[in-house]
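Below is one structure, written out as C-alpha cells; comments come after it.
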Amino acid sequence: MALIHGIDYSVVNPDNKWKMLRSQSRFALWALLISSGVVMQGFDIVAGGQLAAMPAFKETFGVLQGDGSYLIPAHYLSAWNSIAPATEIAITFIFAPLLEKFGRKWGILTASLISAAGVVLQQLATDWRTHLAGRGVNGIAIGMMFTISPLWIGETCRPELRGFFLCFFNTSIVLGQFAIVIVSQGSSHISGKWQWWLPVVAMYTFPLILTAAWPFFPESPYWLVRRGRREEAKKALRRIYGFEEQGFYEIEATRIEEEIRLTSDLHGHVEAKPPRRILGVNVELEAECFDPTNRKRTLTAIFAASAQQMIGATFVIGYATYFFELIGISNYFAASMALYAVMLAASMSAFPLTEIYGRRFLIVGPQFMLCFMVLIIGILGCVPDKTKSSWGIVALLYMWALIYQLSIGATGFVLASEIATMRLRATTQGLITVTNAAWGLIMQFTVPYMINPDAGNLGGKVGFIFLGTGLMAAVGGWYLFPETKGLSFEKLDELYAMKVPPRLFRSVAAEGTNRYNGGELVDVTVPGVYCN
C-alpha cells in the first residue's frame with residue numbers, strides 16, 4: 001500500500017495520530033466551522049446570568065423594590081433559563097430521525113434561520129414573556145446544532161483522531177461563554193438599552209457564519225455511504241481533506257463500508273424492516289438503543305453528558321457573574337471574565353490530554369475531586385463572615401472550573417459521542433441532547449430559586465446540593481465509563497458484544513486476555529484492537 005504523507009491509512013493505528021494530525025488542517029477547519037453552531041449554546045447558557053446583572057436589563061424587565069432598585073424575580077430567571085432546554089428536548093425527538101432520512105447538512109441551514117428568528121425576538125422584547133419566547137426559539141436551533149456537531153465530527157474523522165476533534169465541541173461551548181462575558185463586560189459601561197442589547201445582537205454572529213458557509217459544507221460521508229452513494233461520499237471526502245493522493249478517498253470509503261458491514265453483522269440487518277413511527281419518531285430505533293445489546297452503551301453516553309450537569313456545571317458556568325454579585329464581589333464582571341478565561345485555556349489543553357491519557361483517566365478521578373470542592377464551597381457558605389468566605393468560594397470556583405474543563409467538561413462529550421454503535425449514533429446523539437437538556441431544564445429552573453435573595457438565598461450552601469448529585473455521577477462513571485482511546489468503532493462493538501466490563505476495556509484491548517465473564521476470568525483475544 002502506498003503511503004500518504006508517510007502514513008498507511010489502510011490500517012487504524014493510534015501510533016500514527018501525531019503524524020496524522022499535522023496533515024489534518026483542512027478537516028480541522030470544517031470541524032471548527034460546524035462547532036461554531038455550538039458556540040451559540042455557550043452564549044445562551046451564560047446569557048441569563050450576564051443580563052440579569054446589568055442595571056439597564058433590570059430596569060426593563062425587573063420589578064421595582066422599596067429602596068428604588070430593580071430585582072429580576074426568581075420565576076423570571078427560572079423561566080428564561082429553562083425554556084431553551086425545554087425546546088431542545090421537544091425538537092430533538094423530531095429532528096434526530098430527520099437527520100437519518102435527509103442527512104446532516106440540511107439541518108445546519110434550518111438551525112441558522114431559526115436561531116436568527118429567536119435573536120430578533122430577544123432583541124425587540126419589551127416584556128419578559130417576549131424575551132422568553134425568543135430564548136425558546138433559539139433553544140430549538142441550539143438543540144439541532146448540539147446534535148449535528150458531534151455527530152458529523154465523530155463519524156467523519158479518522159478513529160485515531162476522534163478525541164482531538166470531538167474536544168472542539170466543548171471548547172466551542174466554552175468559547176461562547178467566554179465571548180459573551182467579554183461582550184457583557186464591555187457593554188456594562190454603556191448606559192441605556194444598548195447595555196443589554198449588545199450581548200443579544202452579538203448572537204447574530206453564529207447564524208450568519210453558518211448560513212454563509214452552508215453552500216460549501218460537505219455532507220457526512222458516512223451517511224452517504226449508508227445510502228449507497230459511494231461516489232458522492234468520495235467527493236465529500238475530497239472537499240473535507242483536500243489531499244492530492246486519490247487513493248486516500250478509496251481507502252476511507254472502504255473503511256466506512258467495512259465499519260457499516262461489521263455493525264450489521266453484529267446487530268443484524270434491522271434496517272431492512274420498515275420503521276414504525278409515532279409523531280415522526282422512529283420508535284424502533286429509539287427502543288433498540290435500550291435493548292439488551294445496546295442498553296449499557298446508551299446509558300454510558302447519556303451519563304457521560306449528564307454528569308456535567310450533576311456535578312454543578314449550570315451553577316458555576318451559567319450563574320457565575322450573577323452569583324459573584326449576590327455574594328458581594330464588587331467587580332463581579334471582571335471576576336467572571338477571569339473565570340471563563342481559565343475555563344477556555346483548560347478546555348483547549350484537553351485537546352492533547354484526551355489522547356495522551358485517555359478518556360476514563362481524565363473523567364473518573366477528577367469527578368471525585370470536583371465533589372470534594374463543592375463540599376468545601378458548601379461549608380464556606382455556612383461561615384457567618386461573608387467577606388472572608390466569599391473570596392474562598394471564588395478561589396474554589398476557579399479551581400473547580402480548571403479541573404472540570406480538563407476532565408468531564410471536555411472529555412465527557414468525547415466519550416458520549418463515540419460510544420454508540422455506528423448505526424445508532426444519530427439516535428443516541430439525539431438521546432444525549434434530550435437528557436442533557438432535561439438536566440439543564442431541571443438545573444436552570446431550580447438554581448435561581450436556590451440563590452436568589454427573594455427565594456432560597458443559599459449562597460455557597462448550594463454546594464451541598466451538587467455534592468449529592470455529583471457523587472451519583474462519580475460512582476456511576478467509575479462503573480460505566482470505558483477507555484476508548486485508540487479503539488475503532490467496530491472494536492468497541494466487539495468489546496461490548498463480549499460483555500467486557502467497561503473499566504477493563506484498556507487491559508483487555510492491550511493484552512487480549514482476562515475477560516471477566518460470569519464471575520470467572522477467561523482468555524479472549526480481540527484481533528485488530530489497537531491501544532497504547
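In the C-alpha cells, chains take letters A, B, ... by order of appearance, with residues numbered from 1 within each chain and ligands from 1 in the order shown.
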
Backbone-only DSSP, strand (DSSP E) members of region 210-409 of chain A, as a ChimeraX atom specification: /A:277-278,281-282

As a ChimeraX atom specification, please: the residues near Glu355 (chain A) (cut-off 9 Å, only C-alpha atoms, same-chain neighbours under 3 positions excluded). /A:17,160-164,350-352,358-359,485-486

Can those selected residues be exported to a file as a compact mmCIF listing (two decimals), in the first residue's frame so that it contains N, CA and C atoms?
# COMPACT_ATOMS: atom_id res chain seq x y z
N LYS A 17 -1.18 8.87 15.28
CA LYS A 17 -2.09 10.01 15.46
C LYS A 17 -1.38 11.36 15.42
N GLU A 160 -8.31 7.41 14.91
CA GLU A 160 -7.14 7.79 15.71
C GLU A 160 -7.25 9.21 16.27
N LEU A 161 -8.07 10.05 15.62
CA LEU A 161 -8.11 11.47 15.96
C LEU A 161 -9.45 11.92 16.55
N ARG A 162 -10.33 10.96 16.86
CA ARG A 162 -11.65 11.34 17.38
C ARG A 162 -11.55 12.20 18.63
N GLY A 163 -10.66 11.80 19.54
CA GLY A 163 -10.54 12.54 20.79
C GLY A 163 -10.17 13.98 20.59
N PHE A 164 -9.21 14.22 19.67
CA PHE A 164 -8.79 15.60 19.40
C PHE A 164 -9.96 16.45 18.93
N ALA A 350 -7.24 20.31 26.96
CA ALA A 350 -7.78 18.95 26.93
C ALA A 350 -7.62 18.29 25.56
N PHE A 351 -7.35 19.08 24.50
CA PHE A 351 -7.19 18.52 23.15
C PHE A 351 -6.15 17.40 23.15
N PRO A 352 -4.89 17.68 23.53
CA PRO A 352 -3.91 16.59 23.51
C PRO A 352 -4.08 15.62 24.67
N GLY A 358 -6.14 9.40 27.84
CA GLY A 358 -7.35 8.62 27.65
C GLY A 358 -8.56 9.24 28.33
N ARG A 359 -9.73 8.68 28.00
CA ARG A 359 -10.99 9.25 28.47
C ARG A 359 -11.25 8.92 29.95
N LYS A 485 -9.75 5.23 24.06
CA LYS A 485 -8.65 5.83 23.30
C LYS A 485 -8.06 4.82 22.32
N GLY A 486 -8.02 5.21 21.04
CA GLY A 486 -7.38 4.39 20.02
C GLY A 486 -8.20 3.23 19.49

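Nearest residue to Asn457 (chain A), choosing from A:Ala473, A:Ala74, A:Leu370, A:Cys157 and counting only C-alpha atoms: A:Ala74.
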
At a cut-off of 8 Å, using only C-alpha atoms, what residues contact Ile442 (chain A)? Leave out same-chain residues fewer than 4 positions from it and give the result as an MDAnalysis selection string. chainID A and resid 82 438 446

Give one line per residue of region 409-519 of chain A that approaches region 332-347 of chain A to at most 12 Å, naming the two atoms of the closest pair and their distance in Å to one decimal, counting only C-alpha atoms; sort by chain then ascending residue number and deliver it as JSON lines.
{"residue": "A:Gly409", "atom": "CA", "partner": "A:Ser347", "partner_atom": "CA", "distance": 7.6}
{"residue": "A:Ala410", "atom": "CA", "partner": "A:Ser347", "partner_atom": "CA", "distance": 6.1}
{"residue": "A:Thr411", "atom": "CA", "partner": "A:Ser347", "partner_atom": "CA", "distance": 9.2}
{"residue": "A:Gly412", "atom": "CA", "partner": "A:Ser347", "partner_atom": "CA", "distance": 11.7}
{"residue": "A:Phe413", "atom": "CA", "partner": "A:Ser347", "partner_atom": "CA", "distance": 11.7}
